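Engineer: Enclosed is the structure file coords39.txt (compact mmCIF, C-alpha atoms).
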# COMPACT_ATOMS: atom_id res chain seq x y z
CA MET B 1 -53.20 40.26 -33.93
CA LEU B 2 -49.84 39.79 -35.62
CA TYR B 3 -48.87 36.18 -36.54
CA LYS B 4 -45.48 35.25 -35.03
CA PRO B 5 -44.39 31.78 -36.26
CA TRP B 6 -41.20 31.79 -34.22
CA ILE B 7 -43.26 31.70 -31.00
CA TYR B 8 -44.88 28.47 -32.15
CA GLU B 9 -41.48 27.03 -33.03
CA ILE B 10 -40.13 27.85 -29.56
CA VAL B 11 -43.20 26.36 -27.83
CA PHE B 12 -43.08 23.25 -30.03
CA THR B 13 -39.35 22.78 -29.40
CA ALA B 14 -39.83 23.25 -25.64
CA ILE B 15 -42.59 20.63 -25.60
CA ILE B 16 -40.37 18.11 -27.43
CA VAL B 17 -37.38 18.75 -25.15
CA LEU B 18 -39.51 18.44 -22.01
CA SER B 19 -41.10 15.28 -23.35
CA ILE B 20 -37.69 13.71 -23.99
CA LEU B 21 -36.40 14.71 -20.55
CA PHE B 22 -39.54 13.42 -18.87
CA GLN B 23 -39.28 10.06 -20.65
CA ALA B 24 -35.56 9.73 -19.87
CA ASP B 25 -36.12 10.39 -16.16
CA ASN B 26 -39.10 8.06 -15.91
CA LYS B 27 -37.70 4.91 -17.47
CA PRO B 28 -38.63 2.03 -15.24
CA GLU B 29 -35.81 0.59 -13.17
CA LEU B 30 -34.34 -2.69 -14.26
CA PRO B 31 -36.16 -5.45 -12.38
CA ILE B 32 -34.46 -7.54 -9.71
CA ILE B 33 -34.67 -11.05 -11.10
CA GLY B 34 -32.92 -12.79 -8.23
CA GLN B 35 -30.19 -12.57 -5.61
CA LEU B 36 -26.96 -14.51 -6.12
CA PRO B 37 -25.80 -16.77 -3.29
CA GLU B 38 -22.31 -16.58 -1.85
CA PHE B 39 -19.77 -18.64 -3.76
CA ASN B 40 -16.09 -19.51 -3.33
CA LEU B 41 -14.21 -20.27 -6.52
CA VAL B 42 -10.75 -19.58 -8.01
CA ASP B 43 -9.72 -17.10 -10.72
CA GLN B 44 -7.25 -17.42 -13.59
CA LYS B 45 -4.39 -16.40 -11.28
CA GLY B 46 -5.19 -19.22 -8.85
CA GLN B 47 -6.52 -16.69 -6.32
CA PRO B 48 -9.75 -17.16 -4.34
CA PHE B 49 -12.72 -15.51 -6.05
CA SER B 50 -16.06 -14.93 -4.32
CA LEU B 51 -19.11 -12.73 -4.52
CA GLN B 52 -17.23 -10.29 -2.28
CA ASP B 53 -14.71 -9.68 -5.09
CA VAL B 54 -17.42 -8.09 -7.22
CA LYS B 55 -19.63 -6.51 -4.52
CA GLY B 56 -19.83 -2.78 -5.01
CA SER B 57 -19.40 -3.13 -8.78
CA VAL B 58 -21.80 -3.70 -11.62
CA TRP B 59 -20.72 -6.85 -13.43
CA LEU B 60 -21.46 -8.91 -16.48
CA ALA B 61 -21.27 -12.70 -16.23
CA ASP B 62 -21.25 -15.52 -18.74
CA PHE B 63 -20.63 -19.26 -18.81
CA ILE B 64 -18.10 -20.71 -21.22
CA PHE B 65 -15.54 -23.48 -21.59
CA THR B 66 -12.20 -23.18 -23.32
CA THR B 67 -12.51 -26.18 -25.66
CA CYS B 68 -15.90 -25.05 -26.97
CA LEU B 69 -16.01 -24.66 -30.74
CA GLY B 70 -19.58 -23.34 -30.80
CA PRO B 71 -20.95 -20.25 -29.06
CA CYS B 72 -18.24 -19.74 -26.40
CA PRO B 73 -15.70 -17.97 -28.63
CA ILE B 74 -18.50 -15.72 -29.95
CA MET B 75 -19.62 -14.92 -26.40
CA THR B 76 -16.06 -14.21 -25.27
CA GLU B 77 -15.51 -11.91 -28.24
CA ARG B 78 -18.79 -10.07 -27.49
CA MET B 79 -17.79 -9.72 -23.83
CA ARG B 80 -14.47 -8.24 -24.98
CA MET B 81 -16.36 -5.77 -27.18
CA VAL B 82 -18.48 -4.65 -24.22
CA GLN B 83 -15.35 -4.32 -22.08
CA ARG B 84 -13.64 -2.27 -24.80
CA ASP B 85 -16.66 -0.05 -25.40
CA LEU B 86 -17.05 0.70 -21.69
CA GLN B 87 -13.37 0.74 -20.72
CA ASP B 88 -13.60 4.20 -19.15
CA MET B 89 -16.45 3.25 -16.81
CA GLU B 90 -15.53 2.84 -13.16
CA ASN B 91 -17.00 0.08 -10.97
CA LEU B 92 -17.56 -2.28 -13.90
CA LYS B 93 -16.30 -5.86 -13.91
CA PHE B 94 -16.63 -8.95 -16.09
CA VAL B 95 -16.69 -12.58 -14.97
CA SER B 96 -16.54 -15.67 -17.17
CA PHE B 97 -17.32 -18.89 -15.30
CA THR B 98 -16.17 -22.15 -16.85
CA VAL B 99 -18.68 -24.97 -17.11
CA ASN B 100 -15.87 -27.49 -17.64
CA PRO B 101 -13.85 -27.05 -14.44
CA ASP B 102 -12.20 -30.47 -14.71
CA TYR B 103 -10.26 -29.24 -17.77
CA ASP B 104 -10.31 -25.47 -17.31
CA THR B 105 -7.67 -24.95 -14.65
CA PRO B 106 -6.54 -21.43 -13.72
CA ASP B 107 -3.60 -21.76 -16.13
CA VAL B 108 -5.87 -22.86 -19.01
CA LEU B 109 -8.26 -19.98 -18.27
CA SER B 110 -5.38 -17.51 -18.14
CA LYS B 111 -4.21 -18.58 -21.61
CA TYR B 112 -7.79 -18.41 -22.90
CA GLY B 113 -8.11 -14.84 -21.64
CA GLU B 114 -4.81 -13.92 -23.31
CA ARG B 115 -5.98 -15.46 -26.59
CA PHE B 116 -9.02 -13.16 -26.57
CA ARG B 117 -7.03 -10.11 -25.40
CA ALA B 118 -9.14 -9.76 -22.26
CA ASP B 119 -8.15 -6.96 -19.91
CA THR B 120 -7.86 -9.01 -16.74
CA SER B 121 -7.63 -5.93 -14.56
CA SER B 122 -11.45 -5.97 -14.67
CA TRP B 123 -12.23 -9.39 -16.22
CA SER B 124 -11.91 -12.60 -14.22
CA PHE B 125 -12.04 -16.15 -15.58
CA VAL B 126 -13.29 -18.40 -12.82
CA THR B 127 -13.23 -22.11 -12.06
CA GLY B 128 -13.88 -24.37 -9.09
CA LYS B 129 -15.43 -27.68 -8.18
CA TYR B 130 -18.01 -28.96 -10.61
CA GLU B 131 -20.73 -29.16 -7.95
CA GLN B 132 -20.14 -25.55 -6.88
CA ILE B 133 -20.41 -24.25 -10.42
CA ARG B 134 -23.46 -26.39 -11.21
CA GLU B 135 -25.19 -25.02 -8.10
CA LEU B 136 -24.31 -21.44 -9.08
CA VAL B 137 -25.48 -21.90 -12.68
CA ALA B 138 -28.72 -23.70 -11.84
CA HIS B 139 -29.85 -22.10 -8.61
CA GLY B 140 -27.95 -18.82 -8.53
CA PHE B 141 -28.09 -17.56 -12.09
CA LYS B 142 -30.99 -19.85 -13.09
CA MET B 143 -29.39 -20.47 -16.47
CA GLY B 144 -28.61 -23.54 -18.54
CA ASP B 145 -29.15 -27.24 -17.97
CA THR B 146 -29.34 -28.04 -14.27
CA GLU B 147 -28.04 -31.60 -14.68
CA GLU B 148 -25.27 -31.17 -17.23
CA ILE B 149 -23.85 -27.66 -17.04
CA VAL B 150 -21.70 -28.08 -20.14
CA PHE B 151 -25.04 -27.47 -21.92
CA HIS B 152 -24.89 -23.89 -20.76
CA SER B 153 -26.82 -20.78 -21.61
CA THR B 154 -25.55 -18.40 -24.27
CA ARG B 155 -26.87 -15.41 -22.34
CA PHE B 156 -25.02 -12.79 -20.36
CA ALA B 157 -26.30 -11.95 -16.89
CA LEU B 158 -26.11 -8.35 -15.71
CA VAL B 159 -25.57 -8.13 -11.95
CA ASP B 160 -25.78 -5.01 -9.78
CA GLU B 161 -23.44 -3.91 -7.00
CA GLU B 162 -25.47 -5.85 -4.39
CA GLY B 163 -25.36 -9.18 -6.24
CA ASN B 164 -28.86 -8.91 -7.73
CA ILE B 165 -29.41 -10.22 -11.25
CA ARG B 166 -30.90 -7.32 -13.23
CA GLY B 167 -31.14 -8.69 -16.76
CA TYR B 168 -30.29 -11.38 -19.29
CA TYR B 169 -28.94 -10.59 -22.76
CA SER B 170 -27.92 -12.67 -25.74
CA GLY B 171 -24.20 -13.33 -25.77
CA THR B 172 -24.24 -14.27 -29.44
CA GLU B 173 -26.59 -11.78 -31.10
CA PRO B 174 -25.02 -8.39 -31.90
CA GLU B 175 -28.34 -6.51 -31.95
CA GLU B 176 -28.56 -6.66 -28.13
CA HIS B 177 -25.20 -4.89 -27.70
CA GLU B 178 -26.73 -1.41 -27.54
CA THR B 179 -29.41 -2.45 -25.04
CA LEU B 180 -26.83 -4.19 -22.86
CA THR B 181 -24.40 -1.27 -22.80
CA ARG B 182 -27.25 1.17 -22.09
CA ASP B 183 -28.48 -0.95 -19.16
CA ILE B 184 -24.94 -1.27 -17.77
CA LYS B 185 -24.60 2.52 -17.86
CA ARG B 186 -27.97 2.91 -16.11
CA LEU B 187 -26.86 0.66 -13.26
CA LEU B 188 -23.47 2.37 -13.02
CA ASN B 189 -25.13 5.79 -12.89
CA SER B 190 -27.27 4.61 -9.99
CA ILE B 191 -24.20 3.81 -7.84
CA ASN B 192 -21.98 6.75 -8.82
Just give me the structure of the file as structure tokens.

Structural biologist:
Amino acid sequence: MLYKPWIYEIVFTAIIVLSILFQADNKPELPIIGQLPEFNLVDQKGQPFSLQDVKGSVWLADFIFTTCLGPCPIMTERMRMVQRDLQDMENLKFVSFTVNPDYDTPDVLSKYGERFRADTSSWSFVTGKYEQIRELVAHGFKMGDTEEIVFHSTRFALVDEEGNIRGYYSGTEPEEHETLTRDIKRLLNSIN
């Protein structure tokens, strides 16, 4: 029998390609960590902002305050990077909730967004009554200090189109950027 090495190369290549395709199609879905409750807040334009404003979209949320000199500017810059990297993706939104609503009025949040060059066509900066935000942070997103929300989490929360939390990611560590953008794309692909 004549030895034909190219046959082995074709079979080997086919096995590798099928293995990669099989693994890609069988990645486990992102878990549903929790369901967000309805909320009624105000955005940087002074307009009402609720869960209904982001329903139907995948969205990334974080908690910041404009006078923060620690992690908040880093988190806002990372959020801007994600927004820039995924700017061509439809049905993707970003929401930054202030944890200092007594100071962070819509006007203050608007200027903060401008300072970080946020594209506010898909990124909202949100404020409201302290009690509403504390309830949302503690019992909705299950992040941060439940008594004093100014001691907030430095994580991003990834939320699906139905208002389900699907993952938490570091808002300050650059090594999670690739995982976050991949998971956002996975959720977007599931609704498109």

Engineer: Pick from B:Ile165, B:Met89, B:Ala157, B:Val58: nearest to Met75 (chain B), with all atoms listed in the file counted?

Structural biologist: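 Comparing B:Ile165, B:Met89, B:Ala157, B:Val58 against Met75 (chain B), the winner is B:Ala157.
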
Engineer: Residues of region 33-63 of chain B within 9 Å of region 92-109 of chain B: nearest atom pair and distance (Å, one decimal) for each, counting only C-alpha atoms, sorted by chain and number, as a tab-separated table?

Structural biologist:
residue	atom	partner	partner_atom	distance
B:Val42	CA	B:Pro106	CA	7.3
B:Asp43	CA	B:Pro106	CA	6.2
B:Gln44	CA	B:Pro106	CA	4.1
B:Lys45	CA	B:Pro106	CA	6.0
B:Gly46	CA	B:Pro106	CA	5.5
B:Gln47	CA	B:Pro106	CA	8.8
B:Val54	CA	B:Lys93	CA	7.1
B:Ser57	CA	B:Leu92	CA	5.5
B:Val58	CA	B:Leu92	CA	5.0
B:Trp59	CA	B:Lys93	CA	4.6
B:Leu60	CA	B:Phe94	CA	4.8
B:Ala61	CA	B:Val95	CA	4.8
B:Asp62	CA	B:Ser96	CA	5.0
B:Phe63	CA	B:Phe97	CA	4.8

Engineer: What is the distance, in Å and to one decimal place, between CA of Arg166 (chain B) and CA of Leu180 (chain B)?

Structural biologist: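 Between these atoms lies a distance of 10.9 Å.
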
Engineer: For CA of Val82 (chain B) and CA of Asn164 (chain B), determine how far apart the two atoms are, in Å to one decimal place.

Structural biologist: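 Result for CA of Val82 (chain B) versus CA of Asn164 (chain B): 19.9 Å, one decimal.
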
Engineer: Give me, please, the distance in Å between CA of Glu114 (chain B) and CA of Leu51 (chain B), quoted to one decimal.

Structural biologist: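 That distance, rounded to one decimal, is 23.6 Å.
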
Engineer: Fewer than 6 positions away in the same chain doesn't count, so skip those; otherwise give me all residues within 12 Å of Glu90 (chain B), counting only C-alpha atoms, as a list in words.

Structural biologist: Gly56, Ser57, Val58, Trp59, Gln83, Ser121, Ser122, Ile184, Lys185, Leu187, Leu188, Asn189, Ile191 and Asn192 of chain B

Engineer: Select, from B:Met81, B:Ile64, B:Val159, B:Leu69, the residue with the minimum atom-to-atom distance to Arg117 (chain B), counting only C-alpha atoms.

Structural biologist: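 Comparing B:Met81, B:Ile64, B:Val159, B:Leu69 against Arg117 (chain B), the winner is B:Met81.
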
Engineer: Looking at B:Ile74, B:Val126, B:Leu30, B:Cys68, which one is nearest to Asp53 (chain B), with distances taken over all atoms listed in the file?

Structural biologist: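 Among the listed residues, B:Val126 lies closest to Asp53 (chain B).
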